[in-house]
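These notes are about the structure you will find just below.
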Amino acid sequence: MERAVIEQFFDAHPQFDRQAWLALARPCVDISFDGEPQSPSDSRFGGEAWVPEGFTWPRTEQDEPYRFLGQFNFSQADGLPAELPTSGLLSLFVDEDEDGFWGDDHFVRGYFWEEDTDFVLTPAPPHPERSTVSVAKRIILSAGLDLPIQHYLEVPWPADKDAVHDAIYEAGLRFRDHILGYPNNDSLGYDPRPQHRDGAEGDWVNLLNIDSDRDLQLYWHDEDKLMVFIEADALRRRDFSWLKSDAG
């Protein structure tokens, strides 16, 4: 969400502890849709993957191909949080095997390249039971600010938490799909970040939060949201090989 929108919210509600809430706010990257991709390297969900020639497509333990979820070209956006690369391409793939589960290790696999020379558009390998062809939606990445809006997140909540949450929803503020920031979902009753959920070591941060999308045929937990997490140190090293996820 744009910082100006958050500031306007607190301008309209001077009874709330603005400074306490802004201290909790985290930089994020808002994701919005903008028609079809204009070039192979555009940030997008769906479609074919822009990967190195000869790329080995990830496969499940049952030898079924992962689905290409999308790619993020960080050179196409300005003013992104310092935790993220300023250039390079991150591609994400998801396990659509019938036995796959969004809480499993490697349900989402990530690949990062500093540059995209000698890349080619590559369709997913054929799947024995379903189509691997999907529409493509171009996405725009823009710097934003995220507030915690789930009551169960383990953060130092201000005393007016419940009143602020009610006012946010009454105001119709929409928290977009986003990178970084806080995890957001529709139905879970616990903090989904791995260090809180399953005691995983390290400081895990929200890499991606996306909603279900019928156009893209993406359905998470009865059309809820997918959350992908990465360890903070791995993000600093630009190592996207170990990701955890949840949905709800």
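Scheme for the structure tokens: letters A, B, ... for chains in order shown; per-chain residue numbers from 1; ligand numbers from 1 in order shown.
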Can you list, as a ChimeraX atom specification, all residues belonging to stretch 103-171 of chain A that DSSP tags as strand (DSSP E or B)?
-> /A:108-113,119-122,136-146
Per residue of stretch 6-60 of chain A within 10 Å of stretch 199-223 of chain A, what are the shortest atom pair and its distance in Å to one decimal, counting only C-alpha atoms, with rows by chain and residue number, as JSON lines?
{"residue": "A:Cys28", "atom": "CA", "partner": "A:Asn206", "partner_atom": "CA", "distance": 9.3}
{"residue": "A:Val29", "atom": "CA", "partner": "A:Leu208", "partner_atom": "CA", "distance": 9.3}
{"residue": "A:Asp30", "atom": "CA", "partner": "A:Asn209", "partner_atom": "CA", "distance": 9.9}
{"residue": "A:Ile31", "atom": "CA", "partner": "A:Ile210", "partner_atom": "CA", "distance": 8.8}
{"residue": "A:Phe45", "atom": "CA", "partner": "A:Leu216", "partner_atom": "CA", "distance": 7.7}
{"residue": "A:Gly46", "atom": "CA", "partner": "A:Leu216", "partner_atom": "CA", "distance": 6.4}
{"residue": "A:Gly47", "atom": "CA", "partner": "A:Leu216", "partner_atom": "CA", "distance": 8.9}
Counting only C-alpha atoms, which residues of stretch 45-107 of chain A fall within 9 Å of stretch 179-197 of chain A, and what is the closest atom pair for each with its distance in Å at one decimal, ordered by chain and rising number, as CSV?
residue,atom,partner,partner_atom,distance
A:Pro81,CA,A:Leu180,CA,8.6
A:Glu83,CA,A:Leu180,CA,8.8
A:Leu84,CA,A:Leu180,CA,9.0
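Considering the residues A:Arg67, A:Arg18, A:Arg44, A:Arg26 and counting only C-alpha atoms, A:Pro126 has its shortest atom-to-atom contact with A:Arg67.
For A:Leu145, the residues within 7 Å (counting only C-alpha atoms, excluding itself and residues fewer than 2 positions away along the chain) are Met1, Glu2, Arg3, Ala25, Arg26, Pro27, Cys28 and Leu147 of chain A.
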Could you find all residues in stretch 15-166 of chain A that DSSP calls helix (DSSP H, G or I) from the backbone, and write them as a ChimeraX atom specification?
-> /A:18-24,74-76,161-166
For stretch 92-109 of chain A, please output as a PDB file with N, CA and C atoms, in the first residue's frame all residues within 9 Å (counting only C-alpha atoms; exclusion window: fewer than 4 positions along the same chain).
ATOM      1  N   PRO A  58      12.301 -27.956 -12.900  1.00  0.00           N
ATOM      2  CA  PRO A  58      12.135 -28.719 -11.657  1.00  0.00           C
ATOM      3  C   PRO A  58      11.008 -29.728 -11.763  1.00  0.00           C
ATOM      4  N   ARG A  59      11.198 -30.864 -11.101  1.00  0.00           N
ATOM      5  CA  ARG A  59      10.215 -31.931 -11.133  1.00  0.00           C
ATOM      6  C   ARG A  59       9.986 -32.444  -9.719  1.00  0.00           C
ATOM      7  N   THR A  60       8.810 -33.007  -9.487  1.00  0.00           N
ATOM      8  CA  THR A  60       8.453 -33.541  -8.175  1.00  0.00           C
ATOM      9  C   THR A  60       9.099 -34.907  -7.964  1.00  0.00           C
ATOM     10  N   GLN A  62       7.550 -37.496  -7.832  1.00  0.00           N
ATOM     11  CA  GLN A  62       6.825 -38.413  -8.727  1.00  0.00           C
ATOM     12  C   GLN A  62       7.175 -38.142 -10.188  1.00  0.00           C
ATOM     13  N   GLU A  64       6.857 -35.414 -11.928  1.00  0.00           N
ATOM     14  CA  GLU A  64       5.940 -34.545 -12.651  1.00  0.00           C
ATOM     15  C   GLU A  64       6.504 -33.124 -12.642  1.00  0.00           C
ATOM     16  N   PRO A  65       6.312 -32.377 -13.724  1.00  0.00           N
ATOM     17  CA  PRO A  65       6.897 -31.035 -13.789  1.00  0.00           C
ATOM     18  C   PRO A  65       6.212 -30.065 -12.835  1.00  0.00           C
ATOM     19  N   TYR A  66       7.020 -29.220 -12.219  1.00  0.00           N
ATOM     20  CA  TYR A  66       6.470 -28.106 -11.464  1.00  0.00           C
ATOM     21  C   TYR A  66       5.751 -27.163 -12.433  1.00  0.00           C
ATOM     22  N   ARG A  67       4.909 -26.337 -11.879  1.00  0.00           N
ATOM     23  CA  ARG A  67       4.245 -25.303 -12.673  1.00  0.00           C
ATOM     24  C   ARG A  67       5.010 -23.989 -12.528  1.00  0.00           C
ATOM     25  N   PHE A  68       5.189 -23.301 -13.649  1.00  0.00           N
ATOM     26  CA  PHE A  68       5.805 -21.978 -13.602  1.00  0.00           C
ATOM     27  C   PHE A  68       4.803 -21.000 -13.000  1.00  0.00           C
ATOM     28  N   LEU A  69       5.151 -20.444 -11.835  1.00  0.00           N
ATOM     29  CA  LEU A  69       4.273 -19.499 -11.163  1.00  0.00           C
ATOM     30  C   LEU A  69       4.450 -18.095 -11.720  1.00  0.00           C
ATOM     31  N   GLY A  70       5.692 -17.641 -11.804  1.00  0.00           N
ATOM     32  CA  GLY A  70       5.915 -16.293 -12.317  1.00  0.00           C
ATOM     33  C   GLY A  70       7.352 -15.856 -12.143  1.00  0.00           C
ATOM     34  N   GLN A  71       7.644 -14.648 -12.611  1.00  0.00           N
ATOM     35  CA  GLN A  71       8.999 -14.115 -12.543  1.00  0.00           C
ATOM     36  C   GLN A  71       8.953 -12.636 -12.164  1.00  0.00           C
ATOM     37  N   PHE A  72      10.040 -12.188 -11.518  1.00  0.00           N
ATOM     38  CA  PHE A  72      10.134 -10.805 -11.060  1.00  0.00           C
ATOM     39  C   PHE A  72      11.449 -10.227 -11.564  1.00  0.00           C
ATOM     40  N   TRP A 220      -5.335 -21.560  -4.008  1.00  0.00           N
ATOM     41  CA  TRP A 220      -4.634 -21.916  -2.777  1.00  0.00           C
ATOM     42  C   TRP A 220      -5.655 -22.084  -1.658  1.00  0.00           C
ATOM     43  N   HIS A 221      -5.741 -23.279  -1.098  1.00  0.00           N
ATOM     44  CA  HIS A 221      -6.559 -23.461   0.109  1.00  0.00           C
ATOM     45  C   HIS A 221      -7.971 -22.898  -0.087  1.00  0.00           C
ATOM     46  N   LEU A 226      -1.580 -17.646  -0.988  1.00  0.00           N
ATOM     47  CA  LEU A 226      -0.327 -18.359  -0.831  1.00  0.00           C
ATOM     48  C   LEU A 226       0.707 -17.412  -0.239  1.00  0.00           C
ATOM     49  N   MET A 227       1.457 -17.914   0.750  1.00  0.00           N
ATOM     50  CA  MET A 227       2.540 -17.148   1.372  1.00  0.00           C
ATOM     51  C   MET A 227       3.832 -17.929   1.209  1.00  0.00           C
ATOM     52  N   VAL A 228       4.860 -17.262   0.718  1.00  0.00           N
ATOM     53  CA  VAL A 228       6.160 -17.888   0.502  1.00  0.00           C
ATOM     54  C   VAL A 228       7.174 -17.158   1.375  1.00  0.00           C
ATOM     55  N   PHE A 240      17.916 -18.336  -3.257  1.00  0.00           N
ATOM     56  CA  PHE A 240      16.492 -18.630  -3.210  1.00  0.00           C
ATOM     57  C   PHE A 240      16.214 -20.130  -3.320  1.00  0.00           C
ATOM     58  N   SER A 241      17.206 -20.935  -2.992  1.00  0.00           N
ATOM     59  CA  SER A 241      17.066 -22.390  -3.175  1.00  0.00           C
ATOM     60  C   SER A 241      16.289 -23.060  -2.064  1.00  0.00           C
ATOM     61  N   TRP A 242      16.057 -22.381  -0.953  1.00  0.00           N
ATOM     62  CA  TRP A 242      15.347 -23.009   0.180  1.00  0.00           C
ATOM     63  C   TRP A 242      14.231 -22.097   0.617  1.00  0.00           C
ATOM     64  N   LEU A 243      13.008 -22.399   0.177  1.00  0.00           N
ATOM     65  CA  LEU A 243      11.835 -21.606   0.504  1.00  0.00           C
ATOM     66  C   LEU A 243      10.820 -22.450   1.243  1.00  0.00           C
ATOM     67  N   LYS A 244      10.075 -21.824   2.122  1.00  0.00           N
ATOM     68  CA  LYS A 244       8.954 -22.477   2.800  1.00  0.00           C
ATOM     69  C   LYS A 244       7.677 -21.741   2.441  1.00  0.00           C
ATOM     70  N   SER A 245       6.545 -22.408   2.631  1.00  0.00           N
ATOM     71  CA  SER A 245       5.285 -21.799   2.216  1.00  0.00           C
ATOM     72  C   SER A 245       4.139 -22.256   3.102  1.00  0.00           C
ATOM     73  N   ASP A 246       3.030 -21.547   2.977  1.00  0.00           N
ATOM     74  CA  ASP A 246       1.792 -21.891   3.656  1.00  0.00           C
ATOM     75  C   ASP A 246       0.652 -21.255   2.855  1.00  0.00           C
ATOM     76  N   ALA A 247      -0.556 -21.664   3.134  1.00  0.00           N
ATOM     77  CA  ALA A 247      -1.705 -21.093   2.427  1.00  0.00           C
ATOM     78  C   ALA A 247      -2.907 -21.059   3.363  1.00  0.00           C
TER      79      ALA A 247
END
